[in-house]
$ cat input_35.cif   # mmCIF, C-alpha atoms
data_structure
loop_
_atom_site.label_atom_id
_atom_site.label_comp_id
_atom_site.auth_asym_id
_atom_site.auth_seq_id
_atom_site.Cartn_x
_atom_site.Cartn_y
_atom_site.Cartn_z
CA MET A 45 0.00 0.00 0.00
CA ALA A 46 0.95 3.65 -0.36
CA VAL A 47 0.33 6.73 1.78
CA ASP A 48 -2.21 9.16 0.35
CA VAL A 49 -1.47 12.82 1.10
CA LEU A 50 -4.08 15.51 1.68
CA LEU A 51 -2.94 19.12 1.78
CA GLY A 52 -3.94 22.71 1.10
CA LEU A 53 -2.97 24.44 -2.13
CA GLN A 54 -3.41 28.08 -1.12
CA TRP A 55 -2.45 30.11 1.97
CA GLY A 56 -4.15 27.77 4.42
CA ASP A 57 -7.75 27.64 5.72
CA GLU A 58 -8.87 25.62 2.69
CA GLY A 59 -11.03 23.24 4.73
CA LYS A 60 -8.58 20.39 5.23
CA GLY A 61 -9.98 19.37 8.62
CA LYS A 62 -13.50 18.86 7.34
CA ILE A 63 -12.38 16.85 4.32
CA VAL A 64 -10.08 14.62 6.39
CA ASP A 65 -12.98 13.91 8.73
CA VAL A 66 -15.22 13.04 5.76
CA ILE A 67 -12.82 10.69 3.97
CA THR A 68 -11.22 9.09 7.07
CA PRO A 69 -13.58 6.05 7.04
CA GLY A 70 -11.67 4.90 3.95
CA TYR A 71 -8.41 4.69 5.93
CA ASN A 72 -6.93 2.83 8.89
CA ALA A 73 -4.77 5.72 10.12
CA VAL A 74 -4.45 9.48 9.76
CA ALA A 75 -1.04 11.10 10.39
CA ARG A 76 -0.17 14.81 10.75
CA PHE A 77 3.25 15.44 9.20
CA GLN A 78 4.16 19.10 9.91
CA GLY A 79 3.19 22.33 11.60
CA GLY A 80 1.88 22.86 15.09
CA PRO A 81 -0.86 24.74 16.95
CA ASN A 82 -0.62 27.58 14.42
CA ALA A 83 -2.96 25.37 12.39
CA GLY A 84 -6.67 25.33 13.09
CA HIS A 85 -8.65 22.54 11.42
CA SER A 86 -12.40 23.09 11.75
CA LEU A 87 -14.90 20.23 11.62
CA GLU A 88 -18.68 20.46 11.97
CA PHE A 89 -21.21 17.70 12.53
CA ASN A 90 -24.28 17.09 14.67
CA GLY A 91 -24.65 20.86 15.02
CA ILE A 92 -21.31 21.23 16.82
CA LYS A 93 -18.17 22.94 15.53
CA HIS A 94 -14.83 21.44 16.55
CA VAL A 95 -11.39 23.03 16.09
CA LEU A 96 -8.25 20.91 16.23
CA HIS A 97 -4.78 22.44 16.37
CA THR A 98 -2.46 19.45 16.82
CA ILE A 99 -4.51 16.27 16.80
CA PRO A 100 -5.26 14.75 13.35
CA SER A 101 -8.78 15.33 12.06
CA GLY A 102 -9.67 11.64 12.04
CA ILE A 103 -9.91 11.57 15.83
CA PHE A 104 -13.73 11.59 15.87
CA ARG A 105 -13.98 8.36 13.88
CA GLU A 106 -14.03 5.11 15.84
CA GLY A 107 -11.40 2.53 14.99
CA ILE A 108 -9.09 5.04 13.27
CA ILE A 109 -5.53 5.52 14.58
CA ASN A 110 -4.39 9.17 14.66
CA ILE A 111 -0.64 9.82 14.67
CA VAL A 112 1.16 13.08 15.42
CA GLY A 113 4.30 12.64 13.32
CA ASN A 114 7.91 13.60 13.94
CA GLY A 115 7.58 16.70 11.73
CA VAL A 116 4.99 18.27 14.04
CA VAL A 117 5.84 20.59 16.94
CA ILE A 118 3.62 20.09 20.00
CA ASP A 119 2.59 22.62 22.61
CA PRO A 120 1.59 20.52 25.68
CA VAL A 121 -0.76 23.29 26.86
CA VAL A 122 -2.70 23.34 23.59
CA LEU A 123 -2.71 19.55 23.36
CA LYS A 124 -4.21 19.26 26.85
CA LYS A 125 -6.97 21.73 25.98
CA GLU A 126 -7.77 19.71 22.88
CA THR A 127 -7.91 16.41 24.74
CA ASP A 128 -9.99 17.96 27.54
CA ALA A 129 -12.51 19.10 24.92
CA LEU A 130 -12.56 15.64 23.35
CA ALA A 131 -13.07 14.00 26.74
CA LYS A 132 -16.13 16.20 27.39
CA LEU A 133 -17.61 14.90 24.15
CA GLY A 134 -16.92 11.33 25.17
CA VAL A 135 -14.25 10.76 22.50
CA ASP A 136 -11.91 7.91 23.45
CA PHE A 137 -8.78 9.78 22.35
CA ARG A 138 -6.37 7.66 24.40
CA SER A 139 -7.00 4.56 22.30
CA ARG A 140 -6.86 6.51 19.02
CA LEU A 141 -4.01 9.00 19.51
CA LEU A 142 -0.29 8.23 19.15
CA LEU A 143 2.62 10.68 19.49
CA SER A 144 5.91 10.28 17.67
CA ARG A 145 8.82 10.18 20.10
CA LYS A 146 10.72 12.39 17.65
CA ALA A 147 8.14 15.21 17.60
CA HIS A 148 9.56 18.39 19.16
CA LEU A 149 8.01 20.26 22.09
CA ILE A 150 7.11 23.95 22.20
CA LEU A 151 8.39 25.44 25.46
CA PRO A 152 6.87 28.48 27.20
CA THR A 153 9.92 30.50 26.21
CA HIS A 154 9.46 29.58 22.54
CA ARG A 155 6.23 31.55 22.61
CA LEU A 156 7.98 34.45 24.34
CA LEU A 157 10.76 34.40 21.74
CA ASP A 158 8.14 34.45 19.00
CA ALA A 159 6.45 37.51 20.53
CA ALA A 160 9.78 39.29 21.08
CA SER A 161 10.87 38.66 17.50
CA GLU A 162 7.61 39.90 16.01
CA LYS A 163 7.64 42.99 18.23
CA SER A 164 11.18 43.87 17.14
CA LYS A 165 10.19 43.85 13.46
CA GLY A 166 7.64 46.65 13.84
CA ASN A 167 5.89 47.34 10.52
CA ALA A 168 7.95 44.59 8.86
CA LYS A 169 6.37 41.84 10.99
CA ILE A 170 5.44 38.65 9.12
CA GLY A 171 2.11 38.07 10.83
CA SER A 172 3.16 35.21 13.09
CA THR A 173 0.46 33.44 15.11
CA LEU A 174 2.77 33.89 18.14
CA ARG A 175 2.46 30.20 19.01
CA GLY A 176 6.20 29.63 19.26
CA ILE A 177 6.36 27.59 16.06
CA GLY A 178 9.33 29.34 14.43
CA PRO A 179 11.60 29.35 17.53
CA THR A 180 10.82 25.65 18.13
CA TYR A 181 11.83 24.70 14.59
CA MET A 182 14.95 26.87 15.02
CA ASP A 183 15.93 24.86 18.09
CA LYS A 184 15.18 21.68 16.18
CA THR A 185 17.53 22.57 13.33
CA GLY A 186 20.00 24.03 15.84
CA ARG A 187 20.04 20.63 17.60
CA ASN A 188 18.90 22.08 20.91
CA GLY A 189 15.28 20.93 20.98
CA LEU A 190 13.32 18.81 23.42
CA ARG A 191 11.28 15.93 22.02
CA VAL A 192 8.35 13.84 23.18
CA GLY A 193 10.71 10.97 23.87
CA ASP A 194 12.67 13.13 26.30
CA THR A 195 9.69 13.53 28.64
CA THR A 196 10.17 10.03 30.09
CA SER A 197 13.92 10.38 30.67
CA GLU A 198 15.32 10.99 34.17
CA ASP A 199 17.14 14.15 33.10
CA PHE A 200 14.16 15.77 31.34
CA LYS A 201 13.94 18.70 33.75
CA ASP A 202 17.68 19.32 33.46
CA LYS A 203 17.34 19.48 29.68
CA TYR A 204 14.36 21.79 30.08
CA ARG A 205 16.21 24.17 32.42
CA PHE A 206 19.23 24.27 30.09
CA LEU A 207 17.10 25.32 27.13
CA ILE A 208 15.09 27.81 29.20
CA ALA A 209 18.33 29.45 30.35
CA LYS A 210 19.50 29.73 26.74
CA HIS A 211 16.24 31.41 25.78
CA ALA A 212 16.44 33.75 28.79
CA GLU A 213 19.74 35.13 27.51
CA ILE A 214 18.20 35.88 24.12
CA LEU A 215 15.16 37.55 25.70
CA LYS A 216 17.45 39.62 27.94
CA PHE A 217 19.35 40.78 24.86
CA GLN A 218 16.05 41.76 23.21
CA ASP A 219 14.97 43.64 26.36
CA PHE A 220 11.70 41.70 26.49
CA ALA A 221 9.97 41.59 29.88
CA TYR A 222 8.09 38.49 30.99
CA ASN A 223 7.14 36.33 33.96
CA LEU A 224 7.93 32.69 33.19
CA SER A 225 6.08 31.35 36.22
CA GLU A 226 2.81 32.45 34.62
CA TYR A 227 3.32 29.87 31.90
CA GLU A 228 5.18 26.99 33.56
CA LYS A 229 2.44 25.53 35.76
CA GLU A 230 0.09 24.99 32.83
CA TRP A 231 2.96 23.73 30.67
CA PHE A 232 4.05 21.03 33.13
CA GLU A 233 0.43 19.93 33.49
CA GLY A 234 0.47 19.48 29.74
CA ILE A 235 3.70 17.50 30.00
CA GLU A 236 2.00 15.05 32.36
CA LEU A 237 -0.64 14.50 29.67
CA VAL A 238 2.06 14.00 27.01
CA LYS A 239 3.76 11.40 29.21
CA SER A 240 0.48 9.55 29.70
CA LEU A 241 -0.26 9.18 25.99
CA GLN A 242 1.09 6.43 23.74
CA HIS A 243 4.57 7.21 22.36
CA VAL A 244 5.67 5.43 19.19
CA ASP A 245 8.51 5.32 16.69
CA SER A 246 6.08 6.50 14.06
CA GLU A 247 8.36 5.88 11.08
CA HIS A 248 8.54 2.16 11.94
CA LEU A 249 4.84 1.97 12.75
CA LEU A 250 3.70 3.61 9.52
CA ASN A 251 5.95 1.51 7.32
CA ARG A 252 4.72 -1.60 9.07
CA TYR A 253 1.15 -0.49 8.38
CA LEU A 254 2.02 -0.25 4.68
CA GLU A 255 3.53 -3.73 4.67
CA GLU A 256 0.34 -5.04 6.28
CA GLY A 257 -1.79 -3.45 3.57
CA LYS A 258 -3.31 -0.79 5.80
CA ARG A 259 -4.41 2.52 4.31
CA VAL A 260 -2.77 5.67 5.66
CA LEU A 261 -3.74 9.30 5.04
CA ALA A 262 -1.13 12.00 5.65
CA GLU A 263 -2.74 15.26 6.77
CA GLY A 264 -0.98 18.56 6.10
CA ALA A 265 -1.37 21.81 8.00
CA GLN A 266 -1.25 25.38 6.63
CA GLY A 267 -1.11 25.68 2.82
CA SER A 268 1.38 25.12 0.02
CA MET A 269 1.92 28.85 -0.52
CA LEU A 270 3.20 29.06 3.08
CA ASP A 271 5.92 26.43 2.54
CA ILE A 272 9.26 27.51 4.04
CA ASP A 273 11.10 26.90 0.74
CA PHE A 274 8.50 27.54 -1.95
CA GLY A 275 5.99 29.88 -0.32
CA SER A 276 5.90 33.69 -0.39
CA TYR A 277 9.07 34.03 1.73
CA PRO A 278 9.56 35.47 4.33
CA PHE A 279 5.80 35.50 4.94
CA VAL A 280 5.70 31.75 5.37
CA THR A 281 5.51 29.10 8.07
CA SER A 282 8.56 27.26 9.44
CA SER A 283 8.06 23.83 7.88
CA ASN A 284 7.57 22.14 4.52
CA THR A 285 3.84 22.10 3.86
CA ILE A 286 4.07 20.33 0.50
CA THR A 287 4.04 16.60 -0.32
CA ALA A 288 7.78 16.29 0.24
CA GLY A 289 7.15 17.30 3.85
CA ALA A 290 5.09 14.14 4.34
CA CYS A 291 8.19 12.06 3.57
CA THR A 292 10.42 13.81 6.11
CA GLY A 293 7.62 14.47 8.59
CA LEU A 294 6.56 10.84 8.80
CA GLY A 295 9.52 8.78 7.60
CA ILE A 296 7.84 7.67 4.37
CA ALA A 297 9.92 7.02 1.25
CA PRO A 298 8.92 9.08 -1.84
CA GLY A 299 8.08 5.87 -3.70
CA ASN A 300 5.44 5.09 -1.07
CA ILE A 301 3.35 8.18 -1.81
CA GLY A 302 0.07 7.33 -3.53
CA LYS A 303 -2.68 9.85 -4.25
CA VAL A 304 -2.03 13.51 -3.60
CA ILE A 305 -5.32 15.22 -2.83
CA GLY A 306 -5.15 19.01 -3.12
CA ILE A 307 -7.79 21.18 -1.45
CA PHE A 308 -8.62 24.71 -2.55
CA LYS A 309 -11.33 27.25 -1.82
CA ALA A 310 -13.52 28.48 -4.66
CA TYR A 311 -11.91 31.86 -3.89
CA CYS A 312 -8.73 32.83 -2.00
CA THR A 313 -7.99 33.93 1.55
CA ARG A 314 -4.89 34.75 3.52
CA VAL A 315 -4.20 35.55 7.19
CA GLY A 316 -1.38 37.87 8.18
CA SER A 317 1.11 39.75 6.05
CA GLY A 318 2.54 38.85 2.67
CA PRO A 319 1.74 39.12 -1.04
CA PHE A 320 -1.78 38.32 -2.20
CA PRO A 321 -2.18 39.25 -5.90
CA THR A 322 -5.97 38.83 -6.10
CA GLU A 323 -6.83 40.46 -2.76
CA LEU A 324 -10.02 42.51 -2.77
CA THR A 325 -9.83 45.45 -0.39
CA ASN A 326 -13.28 46.70 -1.41
CA GLU A 327 -16.91 45.83 -0.61
CA THR A 328 -16.61 42.54 -2.54
CA GLY A 329 -13.75 41.40 -0.31
CA GLU A 330 -15.69 42.37 2.80
CA HIS A 331 -18.75 40.51 1.51
CA LEU A 332 -16.68 37.33 1.02
CA ARG A 333 -15.25 37.70 4.53
CA LYS A 334 -18.63 38.08 6.20
CA LYS A 335 -20.47 35.46 4.18
CA GLY A 336 -17.62 32.95 4.46
CA HIS A 337 -17.01 33.67 8.17
CA GLU A 338 -13.39 34.26 7.25
CA TYR A 339 -11.72 34.61 10.62
CA GLY A 340 -8.74 32.53 11.71
CA ALA A 341 -9.63 29.35 13.62
CA THR A 342 -6.43 29.75 15.67
CA THR A 343 -6.07 33.52 16.12
CA GLY A 344 -9.51 34.89 15.28
CA ARG A 345 -7.88 37.41 12.94
CA PRO A 346 -9.93 38.51 9.91
CA ARG A 347 -8.74 36.83 6.73
CA ARG A 348 -7.93 38.82 3.63
CA CYS A 349 -10.17 37.71 0.75
CA GLY A 350 -9.86 37.71 -3.04
CA TRP A 351 -10.69 35.94 -6.28
CA LEU A 352 -9.37 32.50 -7.22
CA ASP A 353 -5.74 32.57 -8.40
CA LEU A 354 -5.06 29.87 -11.02
CA VAL A 355 -1.41 30.90 -11.40
CA ALA A 356 -0.71 30.11 -7.76
CA LEU A 357 -2.82 26.93 -7.96
CA LYS A 358 -0.85 25.63 -10.96
CA TYR A 359 2.35 26.28 -9.02
CA ALA A 360 1.07 24.37 -5.98
CA ILE A 361 -0.13 21.46 -8.12
CA MET A 362 3.29 21.25 -9.76
CA LEU A 363 5.16 21.27 -6.44
CA ASN A 364 2.91 18.66 -4.86
CA GLY A 365 2.25 16.29 -7.75
CA VAL A 366 -1.50 16.65 -7.13
CA THR A 367 -3.58 13.83 -8.62
CA GLU A 368 -7.04 15.13 -7.72
CA LEU A 369 -8.65 18.30 -6.42
CA ILE A 370 -11.34 19.10 -3.87
CA MET A 371 -13.12 22.46 -4.02
CA THR A 372 -14.52 23.90 -0.81
CA LYS A 373 -16.80 26.84 -0.03
CA ALA A 374 -18.51 26.89 -3.42
CA ASP A 375 -21.62 28.00 -1.53
CA ILE A 376 -20.02 31.31 -0.56
CA LEU A 377 -19.88 32.45 -4.20
CA SER A 378 -23.66 32.11 -4.61
CA GLY A 379 -25.22 35.48 -5.41
CA PHE A 380 -22.41 36.93 -7.51
CA LYS A 381 -23.58 37.88 -11.02
CA LYS A 382 -20.02 37.68 -12.30
CA ILE A 383 -17.00 35.87 -10.86
CA ASN A 384 -13.40 36.69 -11.72
CA VAL A 385 -10.62 34.13 -11.99
CA CYS A 386 -6.96 35.14 -12.23
CA THR A 387 -5.34 33.42 -15.22
CA HIS A 388 -2.06 35.36 -15.54
CA TYR A 389 0.01 38.07 -13.87
CA LEU A 390 1.33 41.30 -15.33
CA LEU A 391 4.87 41.97 -14.12
CA ASN A 392 6.89 44.90 -15.47
CA GLY A 393 4.51 45.09 -18.42
CA LYS A 394 4.95 41.42 -19.30
CA LYS A 395 2.19 38.83 -19.11
CA ILE A 396 3.35 35.70 -17.23
CA ASP A 397 1.71 32.43 -16.16
CA TYR A 398 4.04 31.44 -13.31
CA VAL A 399 4.81 32.54 -9.74
CA PRO A 400 7.94 34.75 -9.93
CA TYR A 401 10.71 35.17 -7.37
CA GLU A 402 9.76 38.79 -6.70
CA SER A 403 6.10 39.41 -5.95
CA GLU A 404 6.17 43.19 -5.80
CA GLY A 405 4.37 44.95 -8.63
CA ILE A 406 2.23 41.99 -9.74
CA THR A 407 -1.14 42.83 -11.31
CA PRO A 408 -3.64 40.00 -11.80
CA VAL A 409 -5.17 39.35 -15.22
CA TYR A 410 -8.75 38.11 -14.89
CA LYS A 411 -11.22 36.06 -16.90
CA GLU A 412 -14.85 36.81 -16.09
CA LEU A 413 -17.23 33.89 -15.60
CA GLN A 414 -20.98 33.74 -15.04
CA GLY A 415 -22.12 33.52 -11.41
CA TRP A 416 -25.11 31.74 -9.88
CA ASN A 417 -27.82 32.68 -7.39
CA GLU A 418 -28.94 29.30 -6.05
CA ASP A 419 -28.45 28.35 -2.40
CA LEU A 420 -26.18 25.28 -2.48
CA SER A 421 -26.22 24.39 1.21
CA GLU A 422 -29.05 21.83 0.99
CA LEU A 423 -27.92 20.05 -2.17
CA LYS A 424 -27.70 16.26 -1.93
CA SER A 425 -25.78 15.50 -5.13
CA VAL A 426 -23.75 17.24 -7.83
CA SER A 427 -26.54 16.53 -10.33
CA SER A 428 -28.45 19.38 -8.67
CA ILE A 429 -25.78 22.06 -8.81
CA PRO A 430 -26.38 25.06 -11.11
CA ASP A 431 -25.08 24.97 -14.69
CA GLU A 432 -22.98 28.07 -14.00
CA LEU A 433 -21.16 26.34 -11.13
CA ASN A 434 -20.62 23.30 -13.34
CA ALA A 435 -19.11 25.61 -15.94
CA TYR A 436 -16.91 27.24 -13.26
CA ILE A 437 -15.59 23.83 -12.12
CA THR A 438 -15.09 22.58 -15.68
CA TYR A 439 -13.11 25.70 -16.56
CA ILE A 440 -10.88 25.23 -13.51
CA GLU A 441 -10.29 21.54 -14.34
CA LYS A 442 -9.33 22.41 -17.91
CA GLU A 443 -6.90 25.12 -16.84
CA LEU A 444 -5.33 23.06 -14.06
CA LYS A 445 -5.38 19.75 -15.99
CA THR A 446 -6.51 17.99 -12.80
CA PRO A 447 -9.96 16.58 -11.94
CA VAL A 448 -12.15 18.09 -9.22
CA THR A 449 -13.52 14.99 -7.47
CA ILE A 450 -15.41 16.51 -4.53
CA VAL A 451 -17.27 19.80 -4.06
CA SER A 452 -18.02 21.10 -0.57
CA VAL A 453 -21.07 23.34 -0.18
CA GLY A 454 -21.00 23.98 3.57
CA PRO A 455 -19.08 23.24 6.77
CA ASP A 456 -21.04 20.14 7.82
CA ARG A 457 -20.02 16.57 6.94
CA ARG A 458 -23.23 16.08 4.97
CA GLN A 459 -22.54 19.12 2.77
CA THR A 460 -19.95 17.21 0.77
CA LEU A 461 -20.73 16.11 -2.79
CA PRO A 462 -18.69 13.40 -4.58
CA ARG A 463 -18.32 14.44 -8.21
CA ARG A 464 -16.26 11.84 -10.04
CA ALA A 465 -15.68 8.11 -9.83
CA VAL A 466 -11.93 8.67 -9.39
CA SER A 467 -12.71 9.61 -5.78
CA ALA A 468 -13.39 6.46 -3.76
CA HIS A 469 -13.21 8.33 -0.46
CA ILE A 470 -16.91 8.79 0.35
#
$ encode --input "input_35.cif" --output "structure tokens"
Amino acid sequence: MAVDVLLGLQWGDEGKGKIVDVITPGYNAVARFQGGPNAGHSLEFNGIKHVLHTIPSGIFREGIINIVGNGVVIDPVVLKKETDALAKLGVDFRSRLLLSRKAHLILPTHRLLDAASEKSKGNAKIGSTLRGIGPTYMDKTGRNGLRVGDTTSEDFKDKYRFLIAKHAEILKFQDFAYNLSEYEKEWFEGIELVKSLQHVDSEHLLNRYLEEGKRVLAEGAQGSMLDIDFGSYPFVTSSNTITAGACTGLGIAPGNIGKVIGIFKAYCTRVGSGPFPTELTNETGEHLRKKGHEYGATTGRPRRCGWLDLVALKYAIMLNGVTELIMTKADILSGFKKINVCTHYLLNGKKIDYVPYESEGITPVYKELQGWNEDLSELKSVSSIPDELNAYITYIEKELKTPVTIVSVGPDRRQTLPRRAVSAHI
């Protein structure tokens, strides 16, 4: 068997959590491969909205193993809040949730370092979620980090104090005031939870699953355009959000990657700073924000909104080797008489169809398509969707040379419409 990968193709918030929840019954295990609590995966069913930041989105399905891979960074405080919420709902997370011993831990001072760094940048700030993600990955690559496997060692607290002291020197240099004791009690309570959960060598476990013929879904966080290497640097996250990240974040060989399922919104959004060629700073953008409830699941910040960008989507499909597409939030575009789609960029007077190194001075070139007025939220099958939406999807498929196999028309599980036979997920 091979590992299927599901990831976002834009700047995050594409609806990955919902789709993972919907297609999980077709798998034996779901594994997160990168990112941390800067991600917020929203799921809605039975009239209740759930937001997961660290735990894979298959956790609500009985009999499915959920693995937090080595490429993820874990904040024990956030993880405890998530598991507490699951416990209140009666979810048996302890039998379903496994933590990689090699996953790194976010310390209280990582969050302080994040805040100090962002403050020092002033107007040049990158729009960090201030969750300590960047500093944790810096310690990981600097070979200073603490990992899940360290929590059960006798010298864990010594290792913790050593790293805290190192961070204190940096914070002193940055003249950043703080009271560590405010954070430590909650953090060590989270550590007790981490210690009580099942720790695994996830690379061995996942490869054994493949040998046994089990189906594994790798779940990405953030979006492809936030990838540390290929995103809109420096306004990016601190990990590889593309398919290649699933290999390093889980210990899966490239030859063991199967389907690559790319998720995109019917329009574009972005949280924080950074280039956004199709951003709408007018009434249309505000309408999309309000109708789509476009506020960050992690930070609550309003998302910037704009038209669909096919140039960026082609780039993400190329980087990821996407084999099929899933469109979300088609329902939000209902009511527009005309819908614009960006097909090219104008840069220095030249028309281009690729994402350039420099993003300053880009002007989007649009193709206008017919909109639709119908409410899509109660549709039961794709046979009922408006002709104009069918034309919109068909145009996108033709331009991207990749099939759209599922269309989502609302946040609930049931508002998910299989479109093509190539998708055997639901």
$ resolve_selection --input "input_35.cif" --expression "the PyMOL selection byres ((chain A and resi 59-62) around 8)" --output "ChimeraX atom specification"
/A:50-52,57-58,63-66,85-88,96,101,263-265,307-309,372,455-457
$ closest_residue --input "input_35.cif" --among "A:His337, A:Leu332, A:Pro346, A:Asn284" --to "A:Ser378" --atoms "only C-alpha atoms"
A:Leu332
$ resolve_selection --input "input_35.cif" --expression "the PyMOL selection byres ((chain A and resi 182) around 12)" --output "ChimeraX atom specification"
/A:117,148-150,154,157-158,176-181,183-190,211,281-283
$ atom_distance --input "input_35.cif" --atom1 "atom CA of A:Arg138" --atom2 "atom CA of A:Ser240"
8.9 Å
$ atom_distance --input "input_35.cif" --atom1 "atom CA of A:Leu141" --atom2 "atom CA of A:Ile109"
6.2 Å
$ atom_distance --input "input_35.cif" --atom1 "atom CA of A:Tyr311" --atom2 "atom CA of A:Ile376"
8.8 Å
$ closest_atom_pairs --input "input_35.cif" --of "stretch 50-80 of chain A" --to "stretch 270-280 of chain A" --cutoff "8 Å" --atoms "all atoms listed in the file" --output "CSV"
residue,atom,partner,partner_atom,distance
A:Gln54,CA,A:Leu270,CA,7.9
A:Trp55,CA,A:Leu270,CA,5.9
A:Gly56,CA,A:Leu270,CA,7.6
$ resolve_selection --input "input_35.cif" --expression "the PyMOL selection byres ((chain A and resi 71) around 10)" --output "PyMOL selection string"
chain A and resi 47-48+67-70+72-74+102+107-109+258-261+469
$ closest_residue --input "input_35.cif" --among "A:Cys312, A:Leu357, A:Val244, A:Ile370" --to "A:Leu294" --atoms "only C-alpha atoms"
A:Val244
$ closest_residue --input "input_35.cif" --among "A:Thr287, A:Thr292, A:Thr153, A:Ser197" --to "A:Leu224" --atoms "only C-alpha atoms"
A:Thr153
$ closest_residue --input "input_35.cif" --among "A:Val112, A:Leu53, A:Arg463, A:Lys229" --to "A:Gln242" --atoms "all atoms listed in the file"
A:Val112
$ residues_around --input "input_35.cif" --residues "stretch 75-78 of chain A" --least-positions-apart "2" --cutoff "6 Å" --atoms "only C-alpha atoms" --output "list in words"
Pro100, Asn110, Ile111, Val112, Gly113, Gly115, Val116, Ala262, Glu263, Ala290, Gly293 and Leu294 of chain A
$ residues_around --input "input_35.cif" --residues "A:Glu412" --least-positions-apart "4" --cutoff "7 Å" --atoms "all atoms listed in the file" --output "PyMOL selection string"
chain A and resi 382-385
$ residues_around --input "input_35.cif" --residues "A:Lys373" --least-positions-apart "2" --cutoff "7 Å" --atoms "all atoms listed in the file" --output "list in words"
Lys309, Ala310, Met371, Asp375, Ile376, Ser452, Val453 and Gly454 of chain A
$ closest_residue --input "input_35.cif" --among "A:Tyr389, A:Phe320, A:Phe104, A:Phe206" --to "A:Arg348" --atoms "only C-alpha atoms"
A:Phe320
$ closest_residue --input "input_35.cif" --among "A:Ile437, A:Asp219, A:Val366, A:Ala297" --to "A:Ser161" --atoms "all atoms listed in the file"
A:Asp219
$ residues_near_point --input "input_35.cif" --point "(10.7, 14.7, 26.1)" --cutoff "9 Å" --atoms "all atoms listed in the file" --output "list in words"
Arg145, Lys146, Ala147, His148, Leu149, Leu190, Arg191, Val192, Gly193, Asp194, Thr195, Thr196, Ser197, Phe200, Lys203, Tyr204, Ile235, Val238 and Lys239 of chain A
$ residues_around --input "input_35.cif" --residues "A:Ile440" --least-positions-apart "4" --cutoff "8 Å" --atoms "only C-alpha atoms" --output "number ranges by chain"
A: 354, 436, 444
$ write_last_selection --input "input_35.cif" --atoms "C-alpha atoms" --output "PDB file, in the coordinates of the input"
ATOM      1  CA  LEU A 354      -5.060  29.870 -11.020  1.00  0.00           C
ATOM      2  CA  TYR A 436     -16.910  27.240 -13.260  1.00  0.00           C
ATOM      3  CA  LEU A 444      -5.330  23.060 -14.060  1.00  0.00           C
TER       4      LEU A 444
END
